[in-house]
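Enquirer: Structure: data_38.cif, mmCIF, C-alpha atoms.
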```
data_query
#
loop_
_atom_site.label_atom_id
_atom_site.label_comp_id
_atom_site.auth_asym_id
_atom_site.auth_seq_id
_atom_site.Cartn_x
_atom_site.Cartn_y
_atom_site.Cartn_z
CA MET Z 54 19.22 -29.36 -43.46
CA SER Z 55 21.55 -26.85 -41.87
CA LYS Z 56 25.19 -27.88 -41.58
CA GLN Z 57 25.43 -26.08 -38.25
CA TRP Z 58 24.28 -27.75 -35.04
CA PRO Z 59 21.30 -25.93 -33.46
CA LEU Z 60 21.95 -23.18 -30.92
CA TRP Z 61 21.24 -23.80 -27.23
CA GLU Z 62 21.01 -21.32 -24.37
CA VAL Z 63 22.77 -22.40 -21.20
CA PHE Z 64 21.62 -21.71 -17.63
CA ILE Z 65 23.86 -22.58 -14.68
CA ARG Z 66 22.82 -22.81 -11.07
CA SER Z 67 25.75 -21.46 -9.09
CA GLN Z 68 27.07 -22.73 -5.78
CA HIS Z 69 25.40 -19.91 -3.87
CA GLY Z 70 22.21 -19.19 -5.76
CA LEU Z 71 18.93 -21.02 -5.94
CA ALA Z 72 18.05 -19.83 -9.42
CA HIS Z 73 19.64 -20.93 -12.68
CA LYS Z 74 21.22 -17.97 -14.42
CA HIS Z 75 21.76 -17.46 -18.13
CA VAL Z 76 25.48 -17.73 -18.91
CA GLY Z 77 25.67 -17.98 -22.70
CA SER Z 78 25.01 -20.22 -25.61
CA LEU Z 79 26.58 -23.07 -27.57
CA HIS Z 80 25.99 -25.42 -30.48
CA ALA Z 81 25.01 -29.09 -30.06
CA SER Z 82 23.01 -31.65 -31.99
CA ASP Z 83 20.69 -32.57 -29.11
CA ALA Z 84 20.00 -32.01 -25.41
CA GLN Z 85 22.44 -34.62 -24.11
CA MET Z 86 25.29 -33.22 -26.17
CA ALA Z 87 24.30 -29.69 -25.15
CA ILE Z 88 24.65 -30.61 -21.47
CA ASN Z 89 28.06 -32.18 -22.06
CA HIS Z 90 29.17 -29.14 -24.00
CA ALA Z 91 27.82 -26.80 -21.34
CA ARG Z 92 29.86 -28.68 -18.77
CA ASP Z 93 32.98 -28.34 -20.90
CA VAL Z 94 32.52 -24.72 -21.95
CA TYR Z 95 30.81 -23.04 -18.97
CA THR Z 96 31.74 -24.92 -15.79
CA ARG Z 97 35.51 -25.09 -16.13
CA ARG Z 98 36.06 -22.88 -13.11
CA ASN Z 99 33.76 -24.61 -10.71
CA GLU Z 100 30.89 -22.27 -11.46
CA GLY Z 101 27.94 -24.52 -10.99
CA VAL Z 102 25.99 -27.33 -9.39
CA GLY Z 103 23.28 -27.62 -12.03
CA ILE Z 104 22.83 -27.09 -15.76
CA TRP Z 105 19.76 -26.30 -17.84
CA VAL Z 106 19.88 -26.09 -21.61
CA VAL Z 107 17.08 -24.77 -23.81
CA LYS Z 108 16.95 -24.62 -27.58
CA ALA Z 109 17.36 -20.98 -28.49
CA ALA Z 110 14.63 -21.34 -31.10
CA ASP Z 111 12.17 -22.42 -28.38
CA ILE Z 112 12.55 -19.25 -26.34
CA ALA Z 113 9.69 -16.79 -26.74
CA SER Z 114 10.83 -13.27 -26.04
CA SER Z 115 9.22 -9.87 -25.64
CA SER Z 116 10.18 -7.43 -28.32
CA PRO Z 117 12.48 -4.52 -27.37
CA GLY Z 118 10.13 -2.23 -29.29
CA ASP Z 119 7.33 -3.06 -26.84
CA LYS Z 120 9.30 -1.73 -23.90
CA GLY Z 121 7.15 1.37 -23.57
CA PRO Z 122 3.68 -0.21 -23.45
CA LEU Z 123 4.87 -3.19 -21.39
CA PHE Z 124 6.90 -1.54 -18.68
CA ASP Z 125 6.49 2.21 -18.54
CA PRO Z 126 2.96 2.28 -17.02
CA SER Z 127 4.24 0.71 -13.78
CA ASN Z 128 6.62 3.62 -13.23
CA SER Z 129 3.84 5.91 -12.02
CA LYS Z 130 2.28 3.43 -9.61
CA VAL Z 131 4.47 3.65 -6.53
CA TYR Z 132 1.65 2.28 -4.37
CA ARG Z 133 2.38 -1.14 -5.83
CA HIS Z 134 5.64 -1.22 -3.91
CA PRO Z 135 5.12 -2.47 -0.35
CA THR Z 136 6.96 0.43 1.22
CA PHE Z 137 4.10 2.15 3.05
CA PHE Z 138 3.62 -0.32 5.86
CA PRO Z 139 5.08 0.32 9.34
CA MET Z 140 7.17 -2.74 10.25
CA PRO Z 141 7.35 -3.96 13.85
CA GLU Z 142 10.88 -3.93 15.29
CA GLU Z 143 10.71 -7.66 16.02
CA VAL Z 144 10.46 -8.63 12.39
CA LYS Z 145 13.96 -9.11 11.06
CA ASN Z 146 15.33 -9.75 7.61
CA LEU Z 147 12.45 -8.36 5.65
CA MET V 279 61.25 -53.99 -5.98
CA LEU V 280 61.43 -50.23 -5.86
CA ASP V 281 62.52 -50.43 -9.49
CA ASP V 282 59.35 -52.33 -10.32
CA LYS V 283 57.20 -49.70 -8.67
CA PHE V 284 59.15 -46.97 -10.47
CA GLU V 285 58.58 -48.76 -13.79
CA TYR V 286 54.88 -49.15 -13.12
CA LEU V 287 54.45 -45.50 -12.14
CA LEU V 288 56.23 -44.45 -15.32
CA ARG V 289 53.81 -46.54 -17.35
CA LEU V 290 50.85 -44.76 -15.76
CA GLY V 291 52.41 -41.30 -15.92
CA ASP V 292 53.82 -41.58 -19.44
CA THR V 293 50.56 -42.93 -20.82
CA GLY V 294 48.63 -39.92 -19.49
CA LEU V 295 51.32 -37.47 -20.54
CA VAL V 296 51.63 -38.74 -24.11
CA LEU V 297 47.86 -38.89 -24.66
CA SER V 298 47.57 -35.38 -23.25
CA GLN V 299 50.20 -34.17 -25.70
CA ARG V 300 48.31 -35.80 -28.56
CA LEU V 301 45.04 -34.17 -27.52
CA CYS V 302 46.73 -30.79 -27.24
CA GLU V 303 47.56 -31.03 -30.95
CA TRP V 304 43.83 -30.50 -31.58
CA VAL V 305 43.68 -27.19 -29.75
CA GLY V 306 42.49 -24.52 -32.16
CA LYS V 307 41.71 -27.11 -34.84
CA GLY V 308 38.73 -28.98 -33.38
CA PRO V 309 35.65 -29.56 -35.54
CA ALA V 310 33.63 -27.20 -33.29
CA LEU V 311 34.59 -24.78 -30.54
CA GLU V 312 32.78 -26.94 -27.99
CA GLU V 313 34.67 -30.09 -29.01
CA ASP V 314 37.93 -28.19 -29.06
CA MET V 315 37.45 -27.13 -25.46
CA ALA V 316 36.27 -30.56 -24.37
CA LEU V 317 39.45 -32.18 -25.71
CA ALA V 318 41.58 -29.51 -24.06
CA ASN V 319 39.78 -30.18 -20.76
CA THR V 320 40.51 -33.89 -21.10
CA ALA V 321 44.14 -33.13 -21.91
CA LEU V 322 44.41 -30.95 -18.80
CA ASP V 323 42.91 -33.67 -16.60
CA LEU V 324 45.36 -36.21 -17.99
CA ILE V 325 48.37 -33.99 -17.52
CA GLY V 326 47.31 -33.32 -13.93
CA GLN V 327 47.19 -37.05 -13.32
CA ALA V 328 50.51 -37.58 -15.12
CA ARG V 329 52.14 -35.01 -12.84
CA MET V 330 51.01 -36.92 -9.76
CA TRP V 331 52.20 -40.29 -11.13
CA LEU V 332 55.54 -38.92 -12.31
CA SER V 333 56.20 -36.97 -9.10
CA TYR V 334 55.66 -40.14 -7.14
CA ALA V 335 57.83 -42.08 -9.59
CA GLY V 336 60.64 -39.58 -9.01
CA GLU V 337 60.33 -39.96 -5.24
CA VAL V 338 60.33 -43.76 -5.48
CA GLU V 339 63.40 -43.69 -7.69
CA GLY V 340 65.20 -41.46 -5.18
CA LEU V 341 67.70 -39.96 -7.62
CA GLY V 342 66.35 -36.44 -7.37
CA ARG V 343 64.44 -36.46 -10.65
CA ASP V 344 61.18 -34.54 -10.42
CA GLU V 345 58.13 -34.67 -12.70
CA ASN V 346 59.62 -32.13 -15.12
CA THR V 347 62.95 -33.90 -15.41
CA LEU V 348 61.17 -37.17 -16.08
CA ALA V 349 58.86 -35.63 -18.66
CA TYR V 350 61.33 -33.45 -20.54
CA ARG V 351 64.70 -35.19 -20.25
CA ARG V 352 63.98 -38.77 -21.23
CA ASP V 353 64.28 -40.06 -24.76
CA ALA V 354 61.73 -42.29 -26.52
CA HIS V 355 63.25 -45.62 -25.40
CA ALA V 356 62.95 -44.54 -21.76
CA TYR V 357 59.24 -43.78 -22.16
CA ARG V 358 56.88 -46.47 -20.88
CA ASN V 359 53.52 -45.37 -22.32
CA LEU V 360 51.08 -47.65 -24.09
CA LEU V 361 51.43 -47.79 -27.88
CA LEU V 362 47.75 -46.92 -28.21
CA VAL V 363 48.13 -43.37 -26.89
CA GLU V 364 51.07 -42.40 -29.11
CA GLN V 365 49.15 -43.21 -32.32
CA ALA V 366 48.59 -40.16 -34.52
CA ASN V 367 45.42 -38.12 -34.14
CA GLY V 368 44.26 -38.85 -37.69
CA SER V 369 40.68 -37.76 -38.30
CA TYR V 370 38.36 -36.78 -35.46
CA ALA V 371 36.93 -40.32 -35.64
CA ASP V 372 40.43 -41.76 -35.13
CA THR V 373 40.98 -39.51 -32.13
CA LEU V 374 37.63 -40.45 -30.58
CA ALA V 375 38.11 -44.18 -31.18
CA ARG V 376 41.53 -43.99 -29.48
CA GLN V 377 39.97 -42.02 -26.63
CA TYR V 378 37.10 -44.43 -26.10
CA LEU V 379 39.36 -47.50 -26.14
CA PHE V 380 41.57 -45.76 -23.62
CA ASP V 381 38.89 -44.25 -21.35
CA SER V 382 36.95 -47.49 -20.99
CA TRP V 383 40.14 -49.29 -19.89
CA HIS V 384 41.42 -46.37 -17.80
CA LEU V 385 38.33 -46.22 -15.60
CA LEU V 386 38.43 -49.98 -14.92
CA LEU V 387 42.12 -49.77 -14.06
CA LEU V 388 41.70 -46.82 -11.68
CA GLN V 389 38.87 -48.61 -9.92
CA THR V 390 41.24 -51.47 -9.07
CA LEU V 391 44.01 -49.04 -8.10
CA THR V 392 41.80 -47.37 -5.48
CA ARG V 393 42.19 -50.64 -3.58
CA SER V 394 45.98 -50.62 -3.84
CA ALA V 395 48.02 -51.53 -0.78
CA ASP V 396 50.10 -48.45 -1.61
CA GLU V 397 48.14 -45.56 -0.10
CA ARG V 398 49.63 -42.95 -2.37
CA ILE V 399 48.60 -44.89 -5.50
CA ALA V 400 45.13 -45.43 -4.08
CA ALA V 401 44.78 -41.71 -3.33
CA ILE V 402 45.85 -40.62 -6.83
CA ALA V 403 43.48 -43.14 -8.40
CA GLU V 404 40.66 -41.90 -6.19
CA LYS V 405 41.27 -38.33 -7.30
CA ALA V 406 41.51 -39.23 -10.99
CA ILE V 407 38.46 -41.45 -11.12
CA LYS V 408 35.87 -38.66 -11.28
CA GLU V 409 37.64 -36.98 -14.16
CA VAL V 410 37.96 -40.21 -16.06
CA ALA V 411 34.32 -41.16 -15.48
CA TYR V 412 33.42 -37.99 -17.37
CA HIS V 413 35.95 -38.70 -20.15
CA LEU V 414 34.31 -42.06 -20.69
CA ARG V 415 30.79 -40.64 -20.60
CA ARG V 416 31.80 -38.17 -23.30
CA SER V 417 33.76 -40.47 -25.59
CA ARG V 418 31.18 -43.25 -25.38
CA ASP V 419 28.40 -40.81 -26.24
CA LEU V 420 30.28 -39.64 -29.33
CA ILE V 421 31.11 -43.17 -30.49
CA VAL V 422 27.41 -44.05 -30.46
CA ARG V 423 26.59 -40.85 -32.35
CA LEU V 424 29.18 -41.48 -35.04
CA GLY V 425 28.45 -45.20 -35.35
CA ASP V 426 24.69 -44.74 -35.46
CA GLY V 427 24.99 -41.54 -37.49
CA SER V 428 25.46 -41.05 -41.22
CA GLN V 429 26.97 -43.65 -43.56
CA GLU V 430 30.14 -41.64 -43.74
CA SER V 431 30.54 -41.21 -39.96
CA ARG V 432 29.85 -44.91 -39.47
CA ARG V 433 32.50 -45.89 -42.00
CA LEU V 434 35.08 -43.51 -40.48
CA ILE V 435 34.59 -44.67 -36.91
CA GLN V 436 34.53 -48.37 -37.85
CA ASP V 437 37.78 -47.95 -39.83
CA ALA V 438 39.31 -46.12 -36.88
CA PHE V 439 38.52 -48.99 -34.48
CA ASP V 440 39.80 -51.58 -36.96
CA GLU V 441 43.08 -49.66 -37.35
CA LEU V 442 43.68 -49.14 -33.62
CA TRP V 443 42.54 -52.57 -32.50
CA MET V 444 45.99 -54.17 -32.55
CA TYR V 445 47.18 -51.71 -29.91
CA THR V 446 44.56 -52.78 -27.35
CA GLY V 447 46.21 -56.08 -26.45
CA GLU V 448 48.87 -54.21 -24.53
CA LEU V 449 46.28 -52.80 -22.12
CA PHE V 450 45.92 -56.26 -20.60
CA ALA V 451 49.38 -57.73 -21.17
CA THR V 452 51.36 -58.35 -17.99
CA ASP V 453 55.06 -58.85 -17.42
CA ALA V 454 57.46 -59.33 -14.49
CA VAL V 455 56.82 -55.79 -13.22
CA ASP V 456 53.09 -56.45 -12.91
CA ALA V 457 53.69 -59.83 -11.30
CA VAL V 458 55.90 -58.39 -8.54
CA LEU V 459 53.46 -55.58 -7.72
CA ASP V 460 50.48 -57.91 -7.96
CA ALA V 461 52.07 -60.20 -5.37
CA GLN V 462 52.35 -57.21 -3.01
CA ARG V 463 48.75 -56.21 -3.71
CA ILE V 464 49.92 -52.84 -5.02
CA VAL V 465 48.20 -53.47 -8.35
CA ALA V 466 45.56 -55.95 -9.49
CA ASP V 467 46.17 -58.42 -12.32
CA ALA V 468 45.62 -56.34 -15.49
CA SER V 469 44.52 -59.36 -17.52
CA GLN V 470 41.47 -59.59 -15.25
CA LEU V 471 40.20 -56.32 -16.72
CA ARG V 472 39.91 -57.75 -20.20
CA GLU V 473 36.54 -59.47 -19.87
CA PRO V 474 34.72 -56.56 -18.20
CA TRP V 475 36.27 -54.23 -20.79
CA LEU V 476 35.12 -56.40 -23.70
CA ALA V 477 31.64 -56.63 -22.19
CA GLN V 478 31.45 -52.82 -22.08
CA LEU V 479 32.66 -52.57 -25.65
CA ARG V 480 30.14 -55.12 -26.90
CA GLU V 481 27.36 -53.03 -25.40
CA THR V 482 28.64 -49.77 -26.86
CA PHE V 483 29.33 -51.27 -30.29
CA ALA V 484 25.86 -52.82 -30.41
CA GLU V 485 24.28 -49.47 -29.57
CA ALA V 486 26.49 -47.77 -32.15
CA THR V 487 25.67 -50.46 -34.76
CA LEU V 488 29.41 -51.13 -35.14
CA THR V 489 31.27 -54.41 -35.52
CA LEU V 490 33.63 -55.28 -32.70
CA PRO V 491 37.01 -56.37 -34.11
CA ASP V 492 38.19 -59.90 -33.28
CA PRO V 493 39.30 -59.94 -29.62
CA ASP V 494 41.75 -62.75 -30.41
CA ALA V 495 43.45 -60.95 -33.30
CA TRP V 496 47.21 -60.53 -33.24
CA MET V 497 48.28 -57.69 -30.97
CA GLN V 498 51.23 -55.28 -30.94
CA THR V 499 53.13 -54.88 -27.70
CA GLY V 500 56.28 -53.16 -26.50
CA GLY V 501 55.31 -49.66 -25.38
CA LYS V 502 55.48 -50.56 -21.70
CA GLN V 503 58.99 -51.92 -22.26
CA GLY V 504 60.16 -48.85 -24.18
CA ARG V 505 59.79 -50.17 -27.75
CA HIS V 506 57.78 -47.48 -29.49
CA SER V 507 56.43 -46.72 -32.93
CA GLU V 508 58.07 -44.20 -35.24
CA HIS V 509 55.67 -41.52 -33.96
CA MET V 510 57.33 -41.26 -30.59
CA GLY V 511 60.47 -39.34 -31.61
CA TYR V 512 58.46 -36.63 -33.37
CA LEU V 513 56.02 -36.34 -30.50
CA LEU V 514 58.80 -35.90 -27.94
CA ALA V 515 60.72 -33.52 -30.19
CA GLU V 516 57.79 -31.15 -30.10
CA MET V 517 56.93 -31.68 -26.44
CA GLN V 518 60.51 -31.43 -25.16
CA PHE V 519 61.83 -28.73 -27.47
CA LEU V 520 61.85 -25.90 -24.96
CA GLN V 521 63.56 -27.79 -22.15
CA ARG V 522 66.07 -29.31 -24.57
CA ALA V 523 66.93 -25.97 -26.16
CA TYR V 524 66.88 -23.97 -22.90
CA PRO V 525 67.54 -26.46 -20.09
CA GLY V 526 65.92 -25.45 -16.81
CA ALA V 527 63.89 -22.63 -18.38
CA GLN V 528 60.98 -21.53 -16.17
CA TRP V 529 57.90 -19.43 -16.62
#
```
What does this structure look like when you write it as structure tokens?
Expert:
Amino acid sequence: MSKQWPLWEVFIRSQHGLAHKHVGSLHASDAQMAINHARDVYTRRNEGVGIWVVKAADIASSSPGDKGPLFDPSNSKVYRHPTFFPMPEEVKNL
Amino acid sequence: MLDDKFEYLLRLGDTGLVLSQRLCEWVGKGPALEEDMALANTALDLIGQARMWLSYAGEVEGLGRDENTLAYRRDAHAYRNLLLVEQANGSYADTLARQYLFDSWHLLLLQTLTRSADERIAAIAEKAIKEVAYHLRRSRDLIVRLGDGSQESRRLIQDAFDELWMYTGELFATDAVDAVLDAQRIVADASQLREPWLAQLRETFAEATLTLPDPDAWMQTGGKQGRHSEHMGYLLAEMQFLQRAYPGAQW
């Protein structure tokens, strides 16, 4: 058994945003302790109204080496961006 | 009468201040970065509360002493904090046991103070109560983890409670100061908090698989009357050094 507590990734929902945003990581022995620690380490300056914690080991991530095959093909397909439609004047905030 | 209120405010303020000073001793030495910061947060909350109590105490006294003068220019015998909070940090288990015994009492006390006939006291209690609710949530959680943890953690936390137990009687002891303020409905009878406090502890200790020390054991008292343990002089020497060596120094 490792002597170190497992690593957790912390996501905070800020006062103004709807989405939780990744803010950093910390060590804790379980989820409850991770939330307490997140409160103490990452919300000291009134940053948030909600906390998510996820075990770092449980995050599945794309590999940086796959950047080309995954993302480059979309560069040449401008027609996927909805910028070719005439918008009526009356429609605001789009 | 004003003297009684002054005395009572000193007890509240000094207790927070001294515990805050103790917790600050952990800064940079905590068992994990996260715990280090959590203790520092608690210390900051307590010192914020102590400032409010001591400022008010200075106003009630009316001799022109402000929070800083009261904190940095009184000697040990003039301090009115509970004996519990001046006890040495010891191991992390000792620190957490002291914190849990204190937090569980502190929250109950503040809840009664929000109903004080003195509006200023009620307002300070109201402000402090959210902070203290979190302190208790945290310390209780850790007590259960240590008690219901490994054999070693269980032994350490049980020993810590057994050692500190004799300082808990003072939390509920009342004297003439309490009686006067109780009669004016400024404070509630502290001895009334004992049963709800013990009930909470029984629940926590059961969950933590710990043995609650004998509630009727012999108890130390004297902190609230200015009779302190040998720790107090050293603690104040460190805390007051700057203002003693350079009176009136400012940032």
Enquirer: With distances taken over all atoms listed in the file, which of Z:Lys56, Z:Arg133, Z:Lys120, Z:His75 is nearest to chain V?
Expert: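 Using all atoms listed in the file, chain V sits closest to Z:Lys56.
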Enquirer: Please check the contacts: residues of chain V at most 7 Å away from chain Z, using all atoms listed in the file, listed as JSON, numbers by chain.
Expert: {"V": [312, 315, 316]}
Enquirer: Go through V:Leu379, V:Ile464, V:Val296, V:Val422 and flag the residue nearest Tyr350 of chain V, using only C-alpha atoms for the distances.
Expert: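 Of V:Leu379, V:Ile464, V:Val296, V:Val422, the one nearest Tyr350 of chain V is V:Val296, counting only C-alpha atoms.
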Enquirer: Record the distance separating atom CA of Ala113 of chain Z and atom CA of Leu60 of chain Z, expressed in Å with one decimal.
Expert: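 These two atoms are separated by 14.4 Å.
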Enquirer: Given the choices V:Thr347, V:Leu374, V:Thr392, V:Leu362, which gets closest to Gly308 of chain V if the distance is worked out from all atoms listed in the file?
Expert: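 With all atoms listed in the file as the atom set, the closest residue is V:Leu374.
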Enquirer: So what does the PyMOL selection byres ((chain V and resi 286) around 9) actually pick up in this one, as a PyMOL selection string?
Expert: chain V and resi 281-285+287-291+335+358+455-456+459+502
Enquirer: Those same residues - C-alpha atoms - I'd like them written as a CSV table (one decimal), in the frame of the given file.
Expert:
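And here is the file that came out, part-v9.csv:
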```csv
chain,number,residue,atom,x,y,z
V,281,ASP,CA,62.5,-50.4,-9.5
V,282,ASP,CA,59.4,-52.3,-10.3
V,283,LYS,CA,57.2,-49.7,-8.7
V,284,PHE,CA,59.2,-47.0,-10.5
V,285,GLU,CA,58.6,-48.8,-13.8
V,287,LEU,CA,54.4,-45.5,-12.1
V,288,LEU,CA,56.2,-44.4,-15.3
V,289,ARG,CA,53.8,-46.5,-17.4
V,290,LEU,CA,50.8,-44.8,-15.8
V,291,GLY,CA,52.4,-41.3,-15.9
V,335,ALA,CA,57.8,-42.1,-9.6
V,358,ARG,CA,56.9,-46.5,-20.9
V,455,VAL,CA,56.8,-55.8,-13.2
V,456,ASP,CA,53.1,-56.4,-12.9
V,459,LEU,CA,53.5,-55.6,-7.7
V,502,LYS,CA,55.5,-50.6,-21.7
```
Enquirer: For Asn346 of chain V, list every protein, DNA or RNA residue within 9 Å, evaluated using all atoms listed in the file, and leave out those in the same chain fewer than 3 positions away; present the list as a list in words.
Expert: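 Counting all atoms listed in the file, the residues come to Arg329, Leu332, Ser333, Arg343, Ala349, Tyr350 and Arg351 of chain V.
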Enquirer: Please list as a short mmCIF file (atom, residue, chain, number, x, y, z; two decimals) with C-alpha atoms, in the coordinates of the input every residue within 9 Å of Ala356 of chain V, counting all atoms listed in the file and excluding residues in the same chain fewer than 6 positions away.
Expert:
```
data_model
loop_
_atom_site.label_atom_id
_atom_site.label_comp_id
_atom_site.auth_asym_id
_atom_site.auth_seq_id
_atom_site.Cartn_x
_atom_site.Cartn_y
_atom_site.Cartn_z
CA GLN V 503 58.99 -51.92 -22.26
CA GLY V 504 60.16 -48.85 -24.18
CA ARG V 505 59.79 -50.17 -27.75
#
```
Enquirer: Assuming the chain letters and numbering stay as they are in my file, what does the PyMOL selection byres ((chain Z and resi 102) around 8) actually select? List them as a VMD selection string.
Expert: chain Z and resid 65 to 68 100 to 101 103 to 104
Enquirer: List the residues matched by the PyMOL selection byres ((chain V and resi 522) around 12) in the displayed structure as an NGL selection string, ordered by chain and then by residue number.
Expert: :V and (346-347 or 349-353 or 514-521 or 523-527)
Enquirer: Just want the 6 Å neighbourhood of segment 61-63 of chain Z, counted on only C-alpha atoms, with same-chain residues fewer than 6 positions away dropped. Output as a ChimeraX atom specification.
Expert: /Z:75-80,105-109
Enquirer: What is the atom CA of Leu414 of chain V to atom CA of Gln377 of chain V distance in Å?
Expert: 8.2 Å
Enquirer: Atom CA of Ser394 of chain V to atom CA of Leu361 of chain V: how many Å, to one decimal?
Expert: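 These atoms are spaced 24.8 Å apart.
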Enquirer: If we count all atoms listed in the file, what is near Ser431 of chain V at a cut-off of 8 Å, once residues fewer than 5 positions away on the same chain are taken out, given as a count of residues only?
Expert: 3
Enquirer: Produce the centre coordinates and the three edge lengths, each in Å to one decimal, of the box along x, y and z that contains all listed atoms of segment 129-137 of chain Z with 8 Å added on each side, as lines of an AutoDock Vina configuration file.
Expert:
```
center_x = 4.3
center_y = 1.7
center_z = -4.5
size_x = 21.3
size_y = 24.4
size_z = 31.1
```
